[in-house]
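Data block for final-v8.tsv (TSV, N, CA and C atoms):
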chain	number	residue	atom	x	y	z
L	1	MET	N	0.83	-1.20	0.00
L	1	MET	CA	0.00	0.00	0.00
L	1	MET	C	0.87	1.26	0.00
L	2	TRP	N	2.01	1.20	0.69
L	2	TRP	CA	2.88	2.37	0.73
L	2	TRP	C	3.34	2.73	-0.68
L	3	ASN	N	3.62	1.72	-1.49
L	3	ASN	CA	4.04	1.95	-2.87
L	3	ASN	C	2.95	2.70	-3.64
L	4	LYS	N	1.71	2.27	-3.47
L	4	LYS	CA	0.60	2.88	-4.21
L	4	LYS	C	0.22	4.25	-3.67
L	5	ARG	N	0.18	4.39	-2.35
L	5	ARG	CA	-0.36	5.62	-1.77
L	5	ARG	C	0.67	6.70	-1.47
L	6	SER	N	1.94	6.33	-1.37
L	6	SER	CA	2.95	7.33	-1.04
L	6	SER	C	4.05	7.44	-2.10
L	7	TRP	N	4.65	6.29	-2.43
L	7	TRP	CA	5.80	6.31	-3.33
L	7	TRP	C	5.44	6.77	-4.74
L	8	ARG	N	4.45	6.14	-5.34
L	8	ARG	CA	4.08	6.52	-6.71
L	8	ARG	C	3.59	7.96	-6.82
L	9	PRO	N	2.73	8.44	-5.90
L	9	PRO	CA	2.36	9.85	-5.97
L	9	PRO	C	3.57	10.79	-5.84
L	10	ALA	N	4.55	10.40	-5.01
L	10	ALA	CA	5.75	11.23	-4.87
L	10	ALA	C	6.54	11.25	-6.19
L	11	LEU	N	6.64	10.10	-6.85
L	11	LEU	CA	7.33	10.05	-8.14
L	11	LEU	C	6.59	10.89	-9.18
L	12	ALA	N	5.27	10.83	-9.14
L	12	ALA	CA	4.47	11.63	-10.09
L	12	ALA	C	4.66	13.11	-9.82
L	13	ALA	N	4.66	13.50	-8.55
L	13	ALA	CA	4.84	14.91	-8.20
L	13	ALA	C	6.22	15.41	-8.63
L	14	ALA	N	7.19	14.52	-8.66
L	14	ALA	CA	8.55	14.90	-9.08
L	14	ALA	C	8.70	14.83	-10.60
L	15	GLY	N	7.63	14.41	-11.30
L	15	GLY	CA	7.68	14.33	-12.75
L	15	GLY	C	8.38	13.08	-13.27
L	16	LEU	N	8.55	12.08	-12.42
L	16	LEU	CA	9.24	10.85	-12.83
L	16	LEU	C	8.30	9.73	-13.24
L	17	LEU	N	7.02	9.89	-12.93
L	17	LEU	CA	6.02	8.88	-13.25
L	17	LEU	C	4.77	9.60	-13.72
L	18	LYS	N	4.08	9.01	-14.68
L	18	LYS	CA	2.93	9.68	-15.27
L	18	LYS	C	1.62	9.05	-14.79
L	19	ALA	N	0.67	9.90	-14.38
L	19	ALA	CA	-0.67	9.42	-14.03
L	19	ALA	C	-1.40	9.10	-15.34
L	20	ILE	N	-2.05	7.93	-15.41
L	20	ILE	CA	-2.72	7.53	-16.65
L	20	ILE	C	-4.22	7.36	-16.49
L	21	GLY	N	-4.75	7.68	-15.32
L	21	GLY	CA	-6.18	7.55	-15.09
L	21	GLY	C	-6.48	7.61	-13.61
L	22	GLU	N	-7.70	7.16	-13.27
L	22	GLU	CA	-8.03	7.13	-11.85
L	22	GLU	C	-8.98	5.99	-11.57
L	23	LYS	N	-8.94	5.52	-10.34
L	23	LYS	CA	-9.80	4.45	-9.88
L	23	LYS	C	-10.82	5.08	-8.92
L	24	VAL	N	-12.08	4.72	-9.09
L	24	VAL	CA	-13.13	5.23	-8.22
L	24	VAL	C	-13.60	4.07	-7.34
L	25	ALA	N	-13.63	4.29	-6.03
L	25	ALA	CA	-14.04	3.26	-5.08
L	25	ALA	C	-14.98	3.87	-4.06
L	26	THR	N	-15.87	3.04	-3.55
L	26	THR	CA	-16.78	3.52	-2.49
L	26	THR	C	-16.42	2.82	-1.19
L	27	HIS	N	-16.37	3.61	-0.14
L	27	HIS	CA	-16.05	3.09	1.20
L	27	HIS	C	-17.09	3.65	2.17
L	28	GLY	N	-17.96	2.79	2.65
L	28	GLY	CA	-18.97	3.24	3.62
L	28	GLY	C	-19.84	4.36	3.08
L	29	GLY	N	-20.21	4.29	1.81
L	29	GLY	CA	-21.05	5.30	1.21
L	29	GLY	C	-20.30	6.51	0.68
L	30	ARG	N	-19.01	6.58	0.96
L	30	ARG	CA	-18.20	7.69	0.46
L	30	ARG	C	-17.49	7.27	-0.81
L	31	ILE	N	-17.40	8.18	-1.74
L	31	ILE	CA	-16.69	7.91	-2.99
L	31	ILE	C	-15.27	8.44	-2.86
L	32	ARG	N	-14.32	7.56	-3.19
L	32	ARG	CA	-12.91	7.97	-3.17
L	32	ARG	C	-12.31	7.76	-4.54
L	33	ARG	N	-11.44	8.65	-4.92
L	33	ARG	CA	-10.76	8.56	-6.21
L	33	ARG	C	-9.26	8.40	-5.98
L	34	TYR	N	-8.70	7.40	-6.63
L	34	TYR	CA	-7.27	7.13	-6.54
L	34	TYR	C	-6.66	7.22	-7.92
L	35	PRO	N	-5.55	7.93	-8.05
L	35	PRO	CA	-4.90	8.00	-9.37
L	35	PRO	C	-4.26	6.66	-9.72
L	36	LEU	N	-4.28	6.33	-10.99
L	36	LEU	CA	-3.57	5.17	-11.50
L	36	LEU	C	-2.35	5.67	-12.25
L	37	TYR	N	-1.24	5.02	-12.01
L	37	TYR	CA	0.01	5.45	-12.63
L	37	TYR	C	0.52	4.39	-13.59
L	38	GLU	N	1.32	4.84	-14.54
L	38	GLU	CA	1.95	3.90	-15.46
L	38	GLU	C	2.81	2.93	-14.64
L	39	LEU	N	2.91	1.71	-15.12
L	39	LEU	CA	3.73	0.72	-14.44
L	39	LEU	C	5.16	0.82	-14.94
L	40	SER	N	6.07	0.95	-14.02
L	40	SER	CA	7.48	1.04	-14.36
L	40	SER	C	8.25	0.33	-13.26
L	41	ARG	N	8.79	-0.84	-13.57
L	41	ARG	CA	9.53	-1.63	-12.58
L	41	ARG	C	10.69	-0.82	-11.98
L	42	ALA	N	11.30	0.00	-12.81
L	42	ALA	CA	12.45	0.77	-12.34
L	42	ALA	C	12.07	1.80	-11.28
L	43	ASP	N	10.81	2.19	-11.22
L	43	ASP	CA	10.39	3.22	-10.28
L	43	ASP	C	9.67	2.66	-9.05
L	44	MET	N	9.54	1.37	-8.96
L	44	MET	CA	8.79	0.81	-7.84
L	44	MET	C	9.62	0.82	-6.56
L	45	TYR	N	8.94	0.80	-5.46
L	45	TYR	CA	9.58	0.86	-4.15
L	45	TYR	C	10.56	-0.29	-3.95
L	46	HIS	N	10.29	-1.42	-4.55
L	46	HIS	CA	11.16	-2.58	-4.40
L	46	HIS	C	12.59	-2.25	-4.82
L	47	VAL	N	12.75	-1.37	-5.78
L	47	VAL	CA	14.08	-0.98	-6.25
L	47	VAL	C	14.88	-0.34	-5.10
L	48	LEU	N	14.22	0.41	-4.23
L	48	LEU	CA	14.91	1.00	-3.09
L	48	LEU	C	15.43	-0.08	-2.15
L	49	ARG	N	14.62	-1.11	-1.89
L	49	ARG	CA	15.06	-2.22	-1.04
L	49	ARG	C	16.26	-2.93	-1.66
L	50	HIS	N	16.16	-3.19	-2.95
L	50	HIS	CA	17.23	-3.89	-3.66
L	50	HIS	C	18.52	-3.07	-3.62
L	51	THR	N	18.41	-1.77	-3.85
L	51	THR	CA	19.58	-0.90	-3.82
L	51	THR	C	20.19	-0.87	-2.43
L	52	TYR	N	19.35	-0.78	-1.41
L	52	TYR	CA	19.83	-0.77	-0.02
L	52	TYR	C	20.58	-2.06	0.29
L	53	ALA	N	19.97	-3.20	-0.02
L	53	ALA	CA	20.58	-4.49	0.30
L	53	ALA	C	21.90	-4.68	-0.45
L	54	SER	N	21.90	-4.37	-1.73
L	54	SER	CA	23.12	-4.58	-2.51
L	54	SER	C	24.24	-3.65	-2.06
L	55	THR	N	23.91	-2.43	-1.69
L	55	THR	CA	24.92	-1.49	-1.20
L	55	THR	C	25.52	-1.97	0.12
L	56	GLN	N	24.67	-2.45	1.02
L	56	GLN	CA	25.15	-2.96	2.31
L	56	GLN	C	26.09	-4.15	2.11
L	57	LEU	N	25.71	-5.08	1.24
L	57	LEU	CA	26.52	-6.27	1.02
L	57	LEU	C	27.83	-5.95	0.32
L	58	GLU	N	27.80	-5.04	-0.64
L	58	GLU	CA	29.04	-4.63	-1.30
L	58	GLU	C	30.00	-3.95	-0.33
L	59	ALA	N	29.44	-3.32	0.70
L	59	ALA	CA	30.28	-2.66	1.71
L	59	ALA	C	30.82	-3.65	2.74
L	60	GLY	N	30.39	-4.91	2.66
L	60	GLY	CA	30.92	-5.94	3.56
L	60	GLY	C	30.03	-6.27	4.74
L	61	GLU	N	28.81	-5.75	4.78
L	61	GLU	CA	27.91	-6.08	5.89
L	61	GLU	C	27.56	-7.57	5.81
L	62	SER	N	27.26	-8.17	6.94
L	62	SER	CA	26.98	-9.60	6.97
L	62	SER	C	25.62	-9.91	6.35
L	63	ILE	N	25.55	-11.06	5.72
L	63	ILE	CA	24.30	-11.52	5.10
L	63	ILE	C	23.22	-11.70	6.16
L	64	VAL	N	23.61	-12.10	7.37
L	64	VAL	CA	22.64	-12.30	8.46
L	64	VAL	C	22.01	-10.97	8.85
L	65	SER	N	22.81	-9.93	8.98
L	65	SER	CA	22.28	-8.61	9.34
L	65	SER	C	21.34	-8.09	8.26
L	66	VAL	N	21.78	-8.14	7.01
L	66	VAL	CA	20.95	-7.63	5.91
L	66	VAL	C	19.64	-8.42	5.82
L	67	SER	N	19.71	-9.72	6.01
L	67	SER	CA	18.50	-10.55	5.98
L	67	SER	C	17.50	-10.10	7.05
L	68	GLU	N	18.02	-9.85	8.24
L	68	GLU	CA	17.16	-9.40	9.34
L	68	GLU	C	16.54	-8.04	9.02
L	69	TRP	N	17.35	-7.11	8.51
L	69	TRP	CA	16.86	-5.77	8.19
L	69	TRP	C	15.80	-5.80	7.10
L	70	LEU	N	15.92	-6.72	6.14
L	70	LEU	CA	14.94	-6.81	5.06
L	70	LEU	C	13.69	-7.57	5.48
L	71	GLY	N	13.76	-8.24	6.62
L	71	GLY	CA	12.62	-9.01	7.10
L	71	GLY	C	12.46	-10.35	6.40
L	72	HIS	N	13.55	-10.87	5.85
L	72	HIS	CA	13.48	-12.19	5.21
L	72	HIS	C	13.35	-13.28	6.27
L	73	ALA	N	12.70	-14.37	5.90
L	73	ALA	CA	12.50	-15.48	6.83
L	73	ALA	C	13.82	-16.14	7.21
L	74	SER	N	14.80	-16.06	6.32
L	74	SER	CA	16.06	-16.75	6.56
L	74	SER	C	17.18	-16.05	5.77
L	75	PRO	N	18.41	-16.08	6.28
L	75	PRO	CA	19.53	-15.54	5.51
L	75	PRO	C	19.70	-16.25	4.17
L	76	GLN	N	19.21	-17.49	4.09
L	76	GLN	CA	19.29	-18.24	2.84
L	76	GLN	C	18.51	-17.53	1.73
L	77	THR	N	17.37	-16.96	2.07
L	77	THR	CA	16.57	-16.20	1.10
L	77	THR	C	17.37	-15.00	0.59
L	78	THR	N	17.99	-14.28	1.50
L	78	THR	CA	18.78	-13.11	1.12
L	78	THR	C	19.97	-13.53	0.26
L	79	LEU	N	20.64	-14.60	0.66
L	79	LEU	CA	21.80	-15.09	-0.07
L	79	LEU	C	21.43	-15.49	-1.50
L	80	LYS	N	20.26	-16.11	-1.64
L	80	LYS	CA	19.81	-16.55	-2.96
L	80	LYS	C	19.66	-15.36	-3.92
L	81	HIS	N	19.19	-14.23	-3.40
L	81	HIS	CA	18.92	-13.07	-4.25
L	81	HIS	C	20.09	-12.10	-4.37
L	82	TYR	N	20.99	-12.09	-3.39
L	82	TYR	CA	22.00	-11.04	-3.35
L	82	TYR	C	23.45	-11.52	-3.30
L	83	ALA	N	23.71	-12.80	-3.42
L	83	ALA	CA	25.08	-13.33	-3.30
L	83	ALA	C	26.03	-12.65	-4.28
L	84	HIS	N	25.55	-12.30	-5.45
L	84	HIS	CA	26.42	-11.68	-6.45
L	84	HIS	C	26.90	-10.29	-6.04
L	85	PHE	N	26.35	-9.75	-4.97
L	85	PHE	CA	26.80	-8.44	-4.48
L	85	PHE	C	27.83	-8.57	-3.37
L	86	MET	N	28.39	-9.76	-3.19
L	86	MET	CA	29.34	-10.00	-2.11
L	86	MET	C	30.71	-10.39	-2.68
L	87	PRO	N	31.29	-9.57	-3.54
L	87	PRO	CA	32.54	-9.96	-4.19
L	87	PRO	C	33.72	-10.07	-3.23
L	88	GLU	N	33.70	-9.38	-2.13
L	88	GLU	CA	34.82	-9.39	-1.20
L	88	GLU	C	34.76	-10.53	-0.19
L	89	ALA	N	33.65	-11.24	-0.13
L	89	ALA	CA	33.48	-12.26	0.90
L	89	ALA	C	34.59	-13.31	0.85
L	90	GLY	N	34.90	-13.84	-0.29
L	90	GLY	CA	35.94	-14.84	-0.40
L	90	GLY	C	37.31	-14.27	-0.14
L	91	LYS	N	37.53	-13.03	-0.52
L	91	LYS	CA	38.83	-12.40	-0.32
L	91	LYS	C	39.15	-12.22	1.16
L	92	ARG	N	38.14	-11.93	1.97
L	92	ARG	CA	38.39	-11.76	3.41
L	92	ARG	C	38.85	-13.06	4.03
L	93	GLY	N	38.22	-14.17	3.65
L	93	GLY	CA	38.61	-15.48	4.18
L	93	GLY	C	40.02	-15.86	3.74
L	94	LEU	N	40.34	-15.60	2.47
L	94	LEU	CA	41.68	-15.91	1.98
L	94	LEU	C	42.73	-15.06	2.69
L	95	ALA	N	42.43	-13.79	2.91
L	95	ALA	CA	43.37	-12.91	3.61
L	95	ALA	C	43.60	-13.39	5.04
L	96	ALA	N	42.56	-13.87	5.70
L	96	ALA	CA	42.71	-14.39	7.07
L	96	ALA	C	43.62	-15.60	7.09
L	97	MET	N	43.47	-16.50	6.12
L	97	MET	CA	44.33	-17.68	6.06
L	97	MET	C	45.76	-17.29	5.72
L	98	ASP	N	45.94	-16.35	4.78
L	98	ASP	CA	47.29	-15.89	4.44
L	98	ASP	C	47.98	-15.31	5.66
L	99	GLU	N	47.26	-14.53	6.44
L	99	GLU	CA	47.83	-13.94	7.65
L	99	GLU	C	48.22	-15.03	8.65
L	100	TRP	N	47.36	-16.03	8.78
L	100	TRP	CA	47.63	-17.13	9.71
L	100	TRP	C	48.89	-17.89	9.29
L	101	PHE	N	49.04	-18.15	7.97
L	101	PHE	CA	50.21	-18.87	7.48
L	101	PHE	C	51.48	-18.03	7.58
L	102	ASP	N	51.37	-16.71	7.53
L	102	ASP	CA	52.53	-15.84	7.59
L	102	ASP	C	53.08	-15.67	9.00
L	103	GLN	N	52.34	-16.12	10.01
L	103	GLN	CA	52.81	-16.00	11.39
L	103	GLN	C	54.00	-16.92	11.61
L	104	ASP	N	54.86	-16.56	12.59
L	104	ASP	CA	55.96	-17.45	12.95
L	104	ASP	C	55.37	-18.74	13.50
L	105	PRO	N	55.81	-19.87	12.97
L	105	PRO	CA	55.22	-21.12	13.45
L	105	PRO	C	55.61	-21.40	14.90
L	106	GLN	N	54.66	-21.79	15.66
L	106	GLN	CA	54.89	-22.17	17.04
L	106	GLN	C	54.93	-23.70	17.07
L	107	PRO	N	56.00	-24.27	17.58
L	107	PRO	CA	56.06	-25.72	17.60
L	107	PRO	C	54.94	-26.29	18.45
L	108	ASN	N	54.32	-27.30	17.92
L	108	ASN	CA	53.24	-27.96	18.63
L	108	ASN	C	53.71	-29.38	18.91
L	109	VAL	N	54.61	-29.49	19.88
L	109	VAL	CA	55.23	-30.78	20.20
L	109	VAL	C	54.57	-31.31	21.47
L	110	PRO	N	54.06	-32.53	21.39
L	110	PRO	CA	53.46	-33.11	22.61
L	110	PRO	C	54.54	-33.35	23.66
L	111	GLU	N	54.14	-33.34	24.92
L	111	GLU	CA	55.10	-33.57	26.00
L	111	GLU	C	55.65	-34.99	25.96
L	112	LYS	N	54.85	-35.95	25.56
L	112	LYS	CA	55.29	-37.34	25.44
L	112	LYS	C	55.15	-37.75	24.00
L	113	PRO	N	56.00	-38.59	23.50
L	113	PRO	CA	55.80	-39.12	22.15
L	113	PRO	C	54.44	-39.82	22.08
L	114	LEU	N	53.80	-39.70	20.94
L	114	LEU	CA	52.46	-40.26	20.80
L	114	LEU	C	52.43	-41.77	21.02
L	115	GLY	N	53.47	-42.49	20.60
L	115	GLY	CA	53.45	-43.95	20.71
L	115	GLY	C	54.04	-44.48	21.99
L	116	ALA	N	54.40	-43.60	22.93
L	116	ALA	CA	55.04	-44.06	24.18
L	116	ALA	C	54.04	-44.80	25.04
L	117	ARG	N	54.57	-45.86	25.62
L	117	ARG	CA	53.70	-46.64	26.53
L	117	ARG	C	54.12	-46.39	27.95
L	118	LYS	N	53.16	-46.54	28.80
L	118	LYS	CA	53.41	-46.38	30.22
L	118	LYS	C	54.09	-47.66	30.73
L	119	PRO	N	55.17	-47.53	31.53
L	119	PRO	CA	55.81	-48.75	32.05
L	119	PRO	C	54.84	-49.50	32.96
L	120	PRO	N	54.89	-50.82	32.89
L	120	PRO	CA	53.97	-51.62	33.73
L	120	PRO	C	54.27	-51.44	35.21
L	121	ASP	N	53.24	-51.45	36.02
L	121	ASP	CA	53.40	-51.40	37.47
L	121	ASP	C	53.84	-52.78	37.95
L	122	GLY	N	54.67	-52.86	38.90
L	122	GLY	CA	55.04	-54.17	39.40
L	122	GLY	C	56.19	-54.14	40.37
L	123	PRO	N	56.63	-55.37	40.78
L	123	PRO	CA	57.67	-55.46	41.82
L	123	PRO	C	58.98	-54.96	41.39
Whole structure given in structure tokens:
Amino acid sequence: MWNKRSWRPALAAAGLLKAIGEKVATHGGRIRRYPLYELSRADMYHVLRHTYASTQLEAGESIVSVSEWLGHASPQTTLKHYAHFMPEAGKRGLAAMDEWFDQDPQPNVPEKPLGARKPPDGP
């Protein structure tokens, strides 16, 4: 409803969308007139959501956060639609591993040899 009653009239007032007629409806004996606008996918409110989500993901925001902000049932839904806007995601993981490998190795030597047996108890 926000798209029809607020967004499209705002686009029309800005000269970005054209009114092509009007719808007449009766509510409780009152007659109401609503303008009808040309359909343009590029001007629909959904484009704002898409732009917001893609901008957040390109900036490195987590898929979980963006999913929650968009009100998706699951991050999987968000990932399905917006994964292509996450070009840096793999690079961050690779950089973390490169940094880990570049550290001075710390010897990880067990205190006892792994195959050592305990001497038997006895006299």
Can you tell me, as a PyMOL selection string, what residues are no more than 8 Å from L:Arg8 when counting all atoms listed in the file, ignoring any on the same chain fewer than 4 positions away? chain L and resi 2-4+12-14+17-18+37+43-45
Just how far from atom C of L:Tyr34 is atom CA of L:Gly21, in Å to one decimal?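 A separation of 7.2 Å between them.
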Need to verify the contact set: stretch 80-82 of chain L, 8 Å, all atoms listed in the file, exclusion of same-chain residues closer than 6 positions in sequence. Can you return it as a list in words?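 My list of contacting residues is Ala53, Ser54 and Leu57 of chain L.
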The selected residues should be written to file as a tab-separated table (two decimals), in the frame of the given file (atoms: N, CA and C atoms).
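Result written to selection-v4.tsv:
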chain	number	residue	atom	x	y	z
L	53	ALA	N	19.97	-3.20	-0.02
L	53	ALA	CA	20.58	-4.49	0.30
L	53	ALA	C	21.90	-4.68	-0.45
L	54	SER	N	21.90	-4.37	-1.73
L	54	SER	CA	23.12	-4.58	-2.51
L	54	SER	C	24.24	-3.65	-2.06
L	57	LEU	N	25.71	-5.08	1.24
L	57	LEU	CA	26.52	-6.27	1.02
L	57	LEU	C	27.83	-5.95	0.32
Mind working out the centre and edge lengths of an axis-aligned box for stretch 9-27 of chain L, all listed atoms inside, 5 Å added to each side, rounded to one decimal in Å and written as lines of an AutoDock Vina configuration file?
center_x = -3.9
center_y = 9.1
center_z = -7.2
size_x = 36.3
size_y = 22.6
size_z = 28.8
Taking all atoms listed in the file into account, name the residue in L:Ile20, L:Arg49, L:Glu38, L:Thr78 that is nearest to L:Val66.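 Answer, going by the shortest atom-to-atom distance: L:Thr78.
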Which residue out of L:Trp100, L:Pro35, L:Glu61, L:Ala10 has the minimum interatomic distance to L:Glu22 when only N, CA and C atoms are used?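 When distances to L:Glu22 are compared using only N, CA and C atoms, the smallest one comes from L:Pro35.
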Residue nearest L:Arg33 among L:Arg5, L:Leu48, L:Gly15, L:Asp98 (counting only C-alpha atoms):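 That would be L:Arg5, the residue with the smallest distance to L:Arg33.
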Take atom CA of L:His46 and atom CA of L:Ser62 and report the distance between them in Å, one decimal. 20.7 Å
Which distance in Å separates atom CA of L:Val47 and atom N of L:Gln76, to one decimal?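 Computing the Euclidean distance for atom CA of L:Val47 and atom N of L:Gln76 yields 20.1 Å.
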Of the candidates L:Leu70, L:Ala95, L:His84, L:Leu36, which shows the shortest atom-to-atom distance to L:Lys23, using only C-alpha atoms? L:Leu36
Test item, strand (DSSP E) assignment across stretch 1-116 of chain L, answer as a short mmCIF file (atom, residue, chain, number, x, y, z; two decimals) with N, CA and C atoms, in the frame of the given file:
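This went into selection08.cif:
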data_model
loop_
_atom_site.label_atom_id
_atom_site.label_comp_id
_atom_site.auth_asym_id
_atom_site.auth_seq_id
_atom_site.Cartn_x
_atom_site.Cartn_y
_atom_site.Cartn_z
N ALA L 19 0.67 9.90 -14.38
CA ALA L 19 -0.67 9.42 -14.03
C ALA L 19 -1.40 9.10 -15.34
N ILE L 20 -2.05 7.93 -15.41
CA ILE L 20 -2.72 7.53 -16.65
C ILE L 20 -4.22 7.36 -16.49
N GLY L 21 -4.75 7.68 -15.32
CA GLY L 21 -6.18 7.55 -15.09
C GLY L 21 -6.48 7.61 -13.61
N GLU L 22 -7.70 7.16 -13.27
CA GLU L 22 -8.03 7.13 -11.85
C GLU L 22 -8.98 5.99 -11.57
N LYS L 23 -8.94 5.52 -10.34
CA LYS L 23 -9.80 4.45 -9.88
C LYS L 23 -10.82 5.08 -8.92
N VAL L 24 -12.08 4.72 -9.09
CA VAL L 24 -13.13 5.23 -8.22
C VAL L 24 -13.60 4.07 -7.34
N ALA L 25 -13.63 4.29 -6.03
CA ALA L 25 -14.04 3.26 -5.08
C ALA L 25 -14.98 3.87 -4.06
N THR L 26 -15.87 3.04 -3.55
CA THR L 26 -16.78 3.52 -2.49
C THR L 26 -16.42 2.82 -1.19
N HIS L 27 -16.37 3.61 -0.14
CA HIS L 27 -16.05 3.09 1.20
C HIS L 27 -17.09 3.65 2.17
N ARG L 30 -19.01 6.58 0.96
CA ARG L 30 -18.20 7.69 0.46
C ARG L 30 -17.49 7.27 -0.81
N ILE L 31 -17.40 8.18 -1.74
CA ILE L 31 -16.69 7.91 -2.99
C ILE L 31 -15.27 8.44 -2.86
N ARG L 32 -14.32 7.56 -3.19
CA ARG L 32 -12.91 7.97 -3.17
C ARG L 32 -12.31 7.76 -4.54
N ARG L 33 -11.44 8.65 -4.92
CA ARG L 33 -10.76 8.56 -6.21
C ARG L 33 -9.26 8.40 -5.98
N TYR L 34 -8.70 7.40 -6.63
CA TYR L 34 -7.27 7.13 -6.54
C TYR L 34 -6.66 7.22 -7.92
N PRO L 35 -5.55 7.93 -8.05
CA PRO L 35 -4.90 8.00 -9.37
C PRO L 35 -4.26 6.66 -9.72
N LEU L 36 -4.28 6.33 -10.99
CA LEU L 36 -3.57 5.17 -11.50
C LEU L 36 -2.35 5.67 -12.25
N TYR L 37 -1.24 5.02 -12.01
CA TYR L 37 0.01 5.45 -12.63
C TYR L 37 0.52 4.39 -13.59
#
